[in-house]
$ cat work_6.cif   # mmCIF, C-alpha atoms and all ligand atoms
data_work
#
loop_
_atom_site.label_atom_id
_atom_site.label_comp_id
_atom_site.auth_asym_id
_atom_site.auth_seq_id
_atom_site.Cartn_x
_atom_site.Cartn_y
_atom_site.Cartn_z
CA MET A 1 64.41 35.88 100.61
CA ASP A 2 67.64 34.29 101.62
CA PHE A 3 70.67 36.39 100.85
CA SER A 4 73.90 36.95 102.63
CA LEU A 5 76.74 39.36 102.11
CA GLU A 6 79.18 36.54 101.49
CA GLU A 7 78.64 34.35 98.43
CA THR A 8 79.71 30.72 98.14
CA LEU A 9 81.53 29.11 95.24
CA PRO A 10 79.70 26.50 93.12
CA VAL A 11 82.82 24.25 93.08
CA ASP A 12 85.86 23.72 95.29
CA PRO A 13 88.41 26.41 94.57
CA ARG A 14 91.91 25.67 93.39
CA LYS A 15 93.78 26.66 96.54
CA VAL A 16 96.39 29.37 96.57
CA ASP A 17 99.10 27.94 98.80
CA ARG A 18 101.55 29.86 100.94
CA ILE A 19 105.21 29.74 99.95
CA ALA A 20 106.99 27.61 102.56
CA SER A 21 110.17 29.67 102.64
CA PRO A 22 109.93 32.95 100.74
CA VAL A 23 113.12 34.90 99.98
CA THR A 24 111.94 37.69 102.33
CA LYS A 25 108.89 38.75 104.28
CA ALA A 26 108.29 42.38 103.34
CA TRP A 27 106.80 44.53 106.09
CA ASP A 28 104.94 47.30 104.31
CA ILE A 29 104.34 49.13 101.07
CA ALA A 30 106.43 52.29 100.90
CA TYR A 31 105.70 54.37 97.84
CA LEU A 32 104.39 54.51 94.33
CA ARG A 33 106.02 56.10 91.33
CA PHE A 34 104.20 57.26 88.24
CA ALA A 35 105.42 58.62 84.95
CA LYS A 36 103.06 61.42 84.00
CA PRO A 37 102.93 64.07 81.28
CA ASP A 38 101.89 67.13 83.29
CA LEU A 39 103.34 67.65 86.75
CA ASN A 40 101.42 70.86 87.47
CA GLU A 41 98.08 69.16 86.89
CA GLN A 42 99.30 66.21 88.94
CA ALA A 43 100.33 68.46 91.82
CA ALA A 44 96.90 70.14 91.81
CA PHE A 45 95.10 66.78 92.03
CA PHE A 46 97.44 65.42 94.69
CA LYS A 47 97.00 68.54 96.86
CA ASP A 48 93.21 68.33 96.64
CA PHE A 49 93.45 64.61 97.47
CA GLY A 50 95.38 65.34 100.64
CA PHE A 51 99.08 64.89 99.85
CA ILE A 52 101.70 67.40 100.85
CA ILE A 53 103.93 68.50 97.97
CA ALA A 54 107.45 67.90 99.27
CA GLU A 55 109.36 68.87 96.14
CA GLN A 56 108.49 70.00 92.62
CA THR A 57 110.91 70.61 89.78
CA ASP A 58 110.50 70.42 85.99
CA GLU A 59 111.54 66.79 86.17
CA ARG A 60 109.86 65.39 89.23
CA LEU A 61 107.17 65.84 91.80
CA MET A 62 107.52 64.28 95.23
CA CYS A 63 104.58 63.99 97.59
CA ALA A 64 104.70 63.23 101.25
CA VAL A 65 102.00 62.08 103.56
CA PRO A 66 102.10 63.63 107.01
CA GLY A 67 102.20 60.44 109.05
CA GLN A 68 104.72 57.66 108.98
CA ALA A 69 104.41 56.78 105.33
CA PRO A 70 106.85 58.22 102.82
CA ILE A 71 106.67 59.53 99.35
CA SER A 72 104.92 59.18 96.03
CA SER A 73 106.60 60.68 93.05
CA SER A 74 106.04 61.42 89.45
CA SER A 75 108.45 61.86 86.58
CA LYS A 76 107.94 63.68 83.35
CA LYS A 77 108.28 60.90 80.81
CA ARG A 78 105.08 59.86 79.09
CA LEU A 79 105.02 56.33 80.40
CA LYS A 80 101.89 55.03 81.99
CA GLN A 81 103.55 52.46 84.18
CA PRO A 82 103.46 52.79 87.91
CA ILE A 83 106.40 51.61 89.91
CA TRP A 84 106.34 50.84 93.57
CA GLY A 85 108.49 49.82 96.45
CA TRP A 86 108.61 48.59 99.99
CA VAL A 87 110.10 49.45 103.27
CA SER A 88 109.98 48.14 106.78
CA ARG A 89 109.85 49.97 110.01
CA MET B 1 112.70 45.11 104.45
CA LYS B 2 113.53 44.22 108.01
CA SER B 3 117.24 43.65 107.49
CA ARG B 4 120.08 44.12 105.06
CA GLU B 5 120.15 40.31 104.71
CA ASP B 6 116.73 40.59 103.09
CA LEU B 7 118.18 42.90 100.42
CA GLU B 8 121.12 40.55 99.94
CA ALA B 9 118.80 37.57 99.56
CA LEU B 10 116.65 39.39 97.00
CA ALA B 11 119.69 40.62 95.08
CA ALA B 12 121.14 37.09 94.95
CA ASN B 13 117.79 35.56 93.98
CA ASP B 14 117.25 37.92 91.03
CA LYS B 15 120.95 38.45 90.23
CA VAL B 16 120.84 42.23 90.66
CA THR B 17 122.89 44.69 92.69
CA ILE B 18 122.18 46.58 95.91
CA ASP B 19 122.22 50.32 95.22
CA THR B 20 122.52 53.32 97.50
CA VAL B 21 119.44 55.53 97.16
CA ASP B 22 120.41 59.02 96.08
CA GLY B 23 117.30 60.97 96.99
CA PRO B 24 114.74 61.56 99.73
CA GLY B 25 114.74 58.86 102.35
CA GLY B 26 118.18 57.55 101.43
CA GLY B 27 119.01 54.01 102.48
CA GLU B 28 119.60 51.08 100.18
CA ARG B 29 117.56 49.55 97.42
CA VAL B 30 117.26 46.44 95.30
CA ARG B 31 115.40 47.17 92.08
CA LEU B 32 113.46 44.17 90.77
CA THR B 33 111.29 43.73 87.68
CA ASP B 34 108.08 41.75 88.04
CA PRO B 35 106.77 39.43 85.28
CA ASN B 36 104.66 42.29 83.89
CA GLY B 37 107.64 44.57 83.50
CA PHE B 38 106.77 46.74 86.54
CA THR B 39 109.64 47.89 88.69
CA VAL B 40 109.48 46.86 92.33
CA ASP B 41 111.93 48.47 94.73
CA ALA B 42 112.86 46.68 97.94
CA LEU B 43 114.17 49.18 100.46
CA PHE B 44 116.16 49.05 103.64
CA ASN B 45 117.31 51.64 106.15
CA ARG B 46 115.17 54.48 104.88
CA THR B 47 114.62 57.65 106.82
CA LEU B 48 110.90 58.17 106.79
CA GLN B 49 108.93 61.37 106.78
CA THR B 50 108.99 62.82 110.26
CA GLU B 51 105.74 62.86 112.13
CA GLN B 52 103.58 65.87 111.51
CA PRO B 53 100.51 66.80 113.50
CA MET B 54 97.39 65.08 112.25
CA ARG B 55 93.92 65.35 113.54
CA LYS B 56 92.60 62.48 115.66
CA ALA B 57 89.69 60.26 114.64
CA ARG B 58 86.29 61.71 115.61
CA ALA B 59 84.46 60.28 118.59
CA HIS B 60 81.06 58.73 117.78
CA ASN B 61 77.95 58.67 119.91
CA THR B 62 76.34 55.23 120.05
CA PRO B 63 72.99 54.21 121.59
CA GLU B 64 74.88 52.84 124.59
CA GLU B 65 77.48 55.48 125.00
CA LYS B 66 77.32 59.23 124.42
CA VAL B 67 80.87 60.49 124.35
CA ARG B 68 80.10 63.85 122.70
CA ILE B 69 78.00 66.12 124.87
CA ASN B 70 77.21 69.77 124.09
CA GLN B 71 79.44 69.40 121.06
CA GLY B 72 78.66 69.00 117.34
CA GLN B 73 80.26 66.58 114.92
CA ARG B 74 82.41 68.92 112.82
CA ALA B 75 85.41 67.65 110.93
CA PRO B 76 87.27 70.28 108.91
CA LEU B 77 86.18 70.93 105.29
CA THR B 78 89.69 70.41 103.94
CA PRO B 79 91.50 67.66 102.06
CA PRO B 80 91.92 64.86 104.61
CA ASP B 81 95.15 64.16 106.42
CA ILE B 82 96.50 61.07 104.66
CA ALA B 83 97.76 58.69 107.31
CA ARG B 84 99.41 56.15 105.01
CA LEU B 85 99.59 54.40 101.68
CA GLY B 86 97.49 51.29 102.31
CA HIS B 87 97.41 49.28 99.12
CA VAL B 88 97.85 49.13 95.39
CA ALA B 89 95.87 47.02 92.92
CA VAL B 90 97.67 45.69 89.86
CA LEU B 91 96.13 44.20 86.72
CA THR B 92 97.87 41.34 84.97
CA PRO B 93 97.08 38.89 82.16
CA ASP B 94 99.50 36.45 83.79
CA PHE B 95 97.94 36.11 87.23
CA GLU B 96 99.56 32.77 88.09
CA THR B 97 103.12 33.85 87.33
CA SER B 98 102.65 37.21 89.03
CA MET B 99 101.28 35.63 92.21
CA GLU B 100 104.17 33.20 92.34
CA TRP B 101 106.67 36.04 91.77
CA TYR B 102 105.36 38.31 94.55
CA LYS B 103 104.78 35.51 97.04
CA THR B 104 108.20 33.99 96.56
CA ARG B 105 110.07 37.28 96.92
CA LEU B 106 107.97 39.17 99.45
CA GLY B 107 106.25 36.42 101.41
CA LEU B 108 102.74 37.70 100.74
CA ILE B 109 99.78 35.81 102.20
CA SER B 110 96.46 35.76 100.33
CA THR B 111 93.72 36.93 102.69
CA ASP B 112 90.85 36.44 100.24
CA VAL B 113 90.84 34.99 96.75
CA LEU B 114 88.12 35.49 94.13
CA CYS B 115 87.62 32.52 91.84
CA LEU B 116 85.87 31.83 88.55
CA ASP B 117 82.92 29.41 88.46
CA ASP B 118 85.31 26.57 87.58
CA GLY B 119 87.33 27.23 90.76
CA THR B 120 90.25 29.02 89.08
CA PRO B 121 91.64 31.91 91.18
CA ALA B 122 91.30 35.20 89.28
CA LEU B 123 91.93 37.94 91.86
CA ALA B 124 93.78 37.89 95.17
CA PHE B 125 93.83 40.31 98.10
CA ASN B 126 97.31 39.79 99.55
CA ARG B 127 98.72 40.97 102.88
CA PHE B 128 102.14 41.06 104.43
CA ASP B 129 103.28 38.28 106.74
CA ARG B 130 103.98 40.15 109.96
CA GLY B 131 103.63 37.08 112.18
CA GLU B 132 101.65 37.99 115.28
CA HIS B 133 101.51 41.69 114.29
CA PRO B 134 98.38 42.53 112.33
CA ALA B 135 98.72 43.63 108.71
CA ASP B 136 96.13 45.31 106.49
CA HIS B 137 93.66 42.88 104.86
CA HIS B 138 95.38 43.67 101.56
CA SER B 139 98.41 45.67 100.54
CA ILE B 140 98.96 44.19 97.08
CA VAL B 141 95.95 43.17 95.02
CA LEU B 142 96.62 41.17 91.87
CA GLY B 143 93.75 40.79 89.42
CA THR B 144 93.43 38.99 86.09
CA TYR B 145 92.86 41.39 83.19
CA PRO B 146 93.42 41.24 79.42
CA VAL B 147 96.27 43.77 79.65
CA LYS B 148 98.70 44.67 82.41
CA GLY B 149 98.24 47.91 84.31
CA TYR B 150 97.64 49.99 87.37
CA GLU B 151 94.09 49.69 88.76
CA HIS B 152 94.13 51.96 91.82
CA SER B 153 95.96 52.81 94.99
CA ALA B 154 94.41 53.56 98.37
CA PHE B 155 95.30 55.88 101.20
CA GLU B 156 94.08 55.60 104.75
CA VAL B 157 92.34 58.56 106.40
CA HIS B 158 91.16 58.93 109.98
CA ASP B 159 87.46 58.29 109.94
CA LEU B 160 84.24 58.31 107.95
CA ASP B 161 84.00 62.09 108.12
CA ALA B 162 87.43 62.41 106.53
CA VAL B 163 86.16 60.27 103.61
CA GLY B 164 82.94 62.31 103.40
CA LEU B 165 84.48 65.75 103.63
CA GLY B 166 87.36 64.65 101.39
CA GLN B 167 84.67 63.91 98.81
CA GLN B 168 83.20 67.38 99.24
CA VAL B 169 86.57 69.02 98.61
CA LEU B 170 87.37 66.94 95.50
CA LYS B 171 83.86 67.60 94.20
CA GLN B 172 84.22 71.33 94.79
CA LYS B 173 87.56 71.35 92.94
CA GLY B 174 85.91 69.68 89.94
CA HIS B 175 87.75 66.36 89.94
CA LYS B 176 86.31 63.21 88.43
CA HIS B 177 84.46 60.96 90.86
CA GLU B 178 84.59 57.21 90.20
CA TRP B 179 82.71 55.37 92.93
CA GLY B 180 81.64 55.81 96.53
CA ILE B 181 81.00 56.35 99.30
CA GLY B 182 80.38 52.74 100.31
CA ARG B 183 81.73 49.93 102.47
CA HIS B 184 83.66 47.06 100.93
CA ILE B 185 83.04 43.46 102.02
CA LEU B 186 86.53 41.96 101.73
CA GLY B 187 88.66 44.33 103.80
CA SER B 188 85.58 46.22 105.07
CA GLN B 189 86.95 49.67 104.23
CA VAL B 190 84.64 52.66 103.87
CA PHE B 191 85.80 53.81 100.45
CA ASP B 192 85.61 56.66 97.96
CA TYR B 193 87.34 56.48 94.55
CA TRP B 194 88.48 59.43 92.46
CA SER B 195 90.51 59.64 89.28
CA ASP B 196 93.17 62.14 88.34
CA GLN B 197 93.53 64.01 85.01
CA ASP B 198 95.01 60.89 83.35
CA GLY B 199 92.32 58.51 84.60
CA PHE B 200 94.46 56.98 87.35
CA LYS B 201 92.26 55.98 90.30
CA PHE B 202 93.03 56.95 93.90
CA GLU B 203 91.00 55.84 96.91
CA HIS B 204 90.40 57.39 100.32
CA TYR B 205 89.49 54.77 102.91
CA ALA B 206 88.86 54.40 106.62
CA ASP B 207 88.10 51.57 109.06
CA GLY B 208 89.74 48.65 107.20
CA ASP B 209 90.35 45.13 108.59
CA VAL B 210 93.70 43.81 109.79
CA TYR B 211 94.86 40.19 110.14
CA THR B 212 97.73 38.30 111.75
CA ALA B 213 99.67 35.67 109.82
CA ASP B 214 97.71 32.70 111.15
CA TYR B 215 94.40 33.77 109.56
CA GLU B 216 93.39 31.32 106.80
CA THR B 217 92.70 32.27 103.19
CA GLY B 218 89.06 32.73 102.18
CA TYR B 219 87.67 31.82 98.73
CA HIS B 220 84.76 33.57 97.04
CA PRO B 221 83.21 33.90 93.59
CA LEU B 222 84.49 36.73 91.41
CA SER B 223 81.60 39.17 91.19
CA THR B 224 80.65 42.76 91.74
CA GLN B 225 78.63 41.61 94.75
CA GLY B 226 81.82 40.81 96.60
CA LEU B 227 82.91 44.42 96.24
CA TYR B 228 80.60 46.19 98.66
CA GLN B 229 77.91 45.78 101.31
CA TRP B 230 76.36 49.20 100.98
CA GLY B 231 76.86 52.53 99.27
CA GLN B 232 76.56 54.10 95.84
CA ASP B 233 75.60 51.59 93.13
CA PHE B 234 78.63 50.09 91.43
CA PRO B 235 79.15 52.00 88.18
CA PRO B 236 79.77 49.61 85.26
CA THR B 237 82.35 52.08 83.94
CA PHE B 238 84.56 51.33 86.94
CA THR B 239 86.02 48.11 85.57
CA LYS B 240 85.09 48.43 81.90
CA PRO B 241 88.23 48.61 79.75
CA HIS B 242 88.82 51.45 77.35
CA ILE B 243 88.80 49.32 74.18
CA SER B 244 91.40 50.80 71.88
CA PHE B 245 93.31 49.30 68.98
CA SER B 246 96.34 48.70 71.19
CA PHE B 247 94.15 47.11 73.91
CA ILE B 248 92.86 44.60 71.34
CA LEU B 249 96.33 43.89 69.95
CA GLU B 250 97.80 43.37 73.41
CA THR B 251 94.89 41.13 74.41
CA ILE B 252 95.34 38.94 71.34
CA HIS B 253 99.07 38.77 71.99
CA ASN B 254 98.49 37.76 75.63
CA LEU B 255 95.93 35.10 74.65
CA ARG B 256 98.51 33.59 72.30
CA THR B 257 101.54 33.74 74.58
CA ILE B 258 100.35 33.29 78.19
CA PRO B 259 99.27 29.68 78.86
CA SER B 260 97.06 30.52 81.87
CA PHE B 261 95.28 33.38 80.05
CA THR B 262 92.71 31.66 77.86
CA PHE B 263 89.61 32.62 75.91
CA LYS B 264 87.58 30.42 78.27
CA LYS B 265 88.88 32.43 81.21
CA VAL B 266 87.92 35.73 79.55
CA LYS B 267 84.41 34.41 78.83
CA LEU B 268 83.94 33.26 82.44
CA MET B 269 85.20 36.60 83.75
CA ILE B 270 82.85 38.64 81.57
CA ALA B 271 79.89 36.46 82.56
CA MET B 272 80.67 36.62 86.27
CA THR B 273 81.43 40.31 86.54
CA GLY B 274 78.18 41.02 84.69
CA ARG B 275 76.07 39.52 87.50
CA LYS B 276 73.98 41.74 89.68
CA ALA B 277 75.70 43.37 92.61
CA ARG B 278 73.69 43.24 95.84
CA PRO B 279 71.18 40.58 94.63
CA TRP B 280 68.96 41.22 97.66
CA LEU B 281 67.82 44.47 96.03
FE FE C 301 91.08 49.61 97.28
#
$ encode --input "work_6.cif" --output "structure tokens" --more "lines below"
Ligand SMILES: [Fe+2]
Amino acid sequence: MDFSLEETLPVDPRKVDRIASPVTKAWDIAYLRFAKPDLNEQAAFFKDFGFIIAEQTDERLMCAVPGQAPISSSSKKRLKQPIWGWVSR
Amino acid sequence: MKSREDLEALAANDKVTIDTVDGPGGGERVRLTDPNGFTVDALFNRTLQTEQPMRKARAHNTPEEKVRINQGQRAPLTPPDIARLGHVAVLTPDFETSMEWYKTRLGLISTDVLCLDDGTPALAFNRFDRGEHPADHHSIVLGTYPVKGYEHSAFEVHDLDAVGLGQQVLKQKGHKHEWGIGRHILGSQVFDYWSDQDGFKFEHYADGDVYTADYETGYHPLSTQGLYQWGQDFPPTFTKPHISFSFILETIHNLRTIPSFTFKKVKLMIAMTGRKARPWL
């Protein structure tokens, strides 16, 4: 038996090149935003997952994580599109 | 963003304005829209959450070194302290355009790329270019899929016991388990995936890899084998789409309108993801 964790490609890959001079070099991912129908259910899941509920109103739910990272939030509109953002430290 | 000039450059590049953030964290923001229609905020000068006490990672006894003497291994049976948001995985039918968009604006580097059997890149684990400072193996994952969407996001916890006991808590509360515990190959994280009431997946992870900017991109076949070295068997439901009428309509639309999203590509993807994970078993 000859197996390894890493597989090899049957052909040469089409390389994914680096951009020589990007507009910016972002440092980190900051937060995610979700549009969700039920903020109470969302808050219950997030608490059990380990987030701290920083703010909850009828319109939005903001979660914090205790370390350096900031906030995830959730708005009440029934849109299933996440939104995210970046920040540097 | 490291500087206000970064915001100015992004605003000029996409012809949008710099806005003051009216809400937690404050600072300034440039709001961009990616090729899939997702909003991407670039932020500068934010006030972050202040440090709060978190437990430290547990010490482990090894054959060579016993660091815990007269003391059991007992992490608390509570939801884990979340140390940080580590990564998000995004699904897109227009992989090529999306990659170009994120790389151009944010300077992402692909750490590992999964390719189809004909050598076409189909999924990329991208990290931030922090020069000599190490960055997570991946912070933004872009993967080819018939329709655009959110795949999962992942949050770093302190150690393997935090993943394990986090699982116990979520299980006890009756949430829906998706996959885990196991260890990934690309990125090496010990992972556990859960979904919320709307089917959005969230991952606890510990012990992931980090890389500096000079590390070269790796290329691998797209397969379920690449996903993990050990752990719970990969459930086929994990990546299987929920085939609805709108899913079919959107797929047909994308096949017609996106040049790089072809029927051949879909066929290759289905064939490759259907291969056996962990072929040594
Ligand atoms: Fe992940």
$ closest_atom_pairs --input "work_6.cif" --of "chain B" --to "chain A" --cutoff "6 Å" --atoms "only C-alpha atoms" --output "tab-separated table"
residue	atom	partner	partner_atom	distance
B:Met1	CA	A:Ser88	CA	4.7
B:Lys2	CA	A:Ser88	CA	5.4
B:Asp6	CA	A:Thr24	CA	5.7
B:Phe38	CA	A:Ile83	CA	5.9
B:Thr39	CA	A:Ile83	CA	5.1
B:Val40	CA	A:Gly85	CA	5.2
B:Asp41	CA	A:Gly85	CA	4.1
B:Ala42	CA	A:Trp86	CA	5.1
B:Leu43	CA	A:Val87	CA	5.0
B:Leu48	CA	A:Pro70	CA	5.7
B:Gln49	CA	A:Pro70	CA	5.5
B:Glu51	CA	A:Gly67	CA	5.3
B:Gln52	CA	A:Pro66	CA	5.2
B:Pro79	CA	A:Gly50	CA	4.7
B:Pro80	CA	A:Gly50	CA	5.3
B:Asp81	CA	A:Gly50	CA	5.9
B:Ile82	CA	A:Val65	CA	5.7
B:Ala83	CA	A:Gly67	CA	5.1
B:Arg84	CA	A:Ala69	CA	5.0
B:Thr104	CA	A:Pro22	CA	4.6
B:Arg105	CA	A:Val23	CA	4.9
B:Leu106	CA	A:Lys25	CA	4.9
B:Gly107	CA	A:Lys25	CA	4.5
B:Gly119	CA	A:Pro13	CA	4.0
B:Thr120	CA	A:Arg14	CA	5.7
B:His220	CA	A:Leu9	CA	5.8
B:Pro221	CA	A:Leu9	CA	5.3
$ residues_near_ligand --input "work_6.cif" --ligand "ligand FE 301 (chain C)" --cutoff "12 Å" --atoms "all atoms listed in the file" --output "VMD selection string"
chain B and resid 85 to 90 125 to 126 136 to 142 150 to 156 179 to 180 182 to 194 201 to 206 208 227 to 228
$ atom_distance --input "work_6.cif" --atom1 "atom CA of Pro93 of chain B" --atom2 "atom CA of Lys148 of chain B"
6.0 Å
$ atom_distance --input "work_6.cif" --atom1 "atom CA of Tyr145 of chain B" --atom2 "atom CA of Lys240 of chain B"
10.6 Å
$ axis_aligned_box --input "work_6.cif" --around "segment 18-23 of chain A" --padding-each-side "8 Å" --output "JSON"
{"center_x": 107.3, "center_y": 31.3, "center_z": 101.3, "size_x": 27.6, "size_y": 23.3, "size_z": 18.7}
$ atom_distance --input "work_6.cif" --atom1 "atom CA of Ile53 of chain A" --atom2 "atom CA of Gly27 of chain B"
21.4 Å
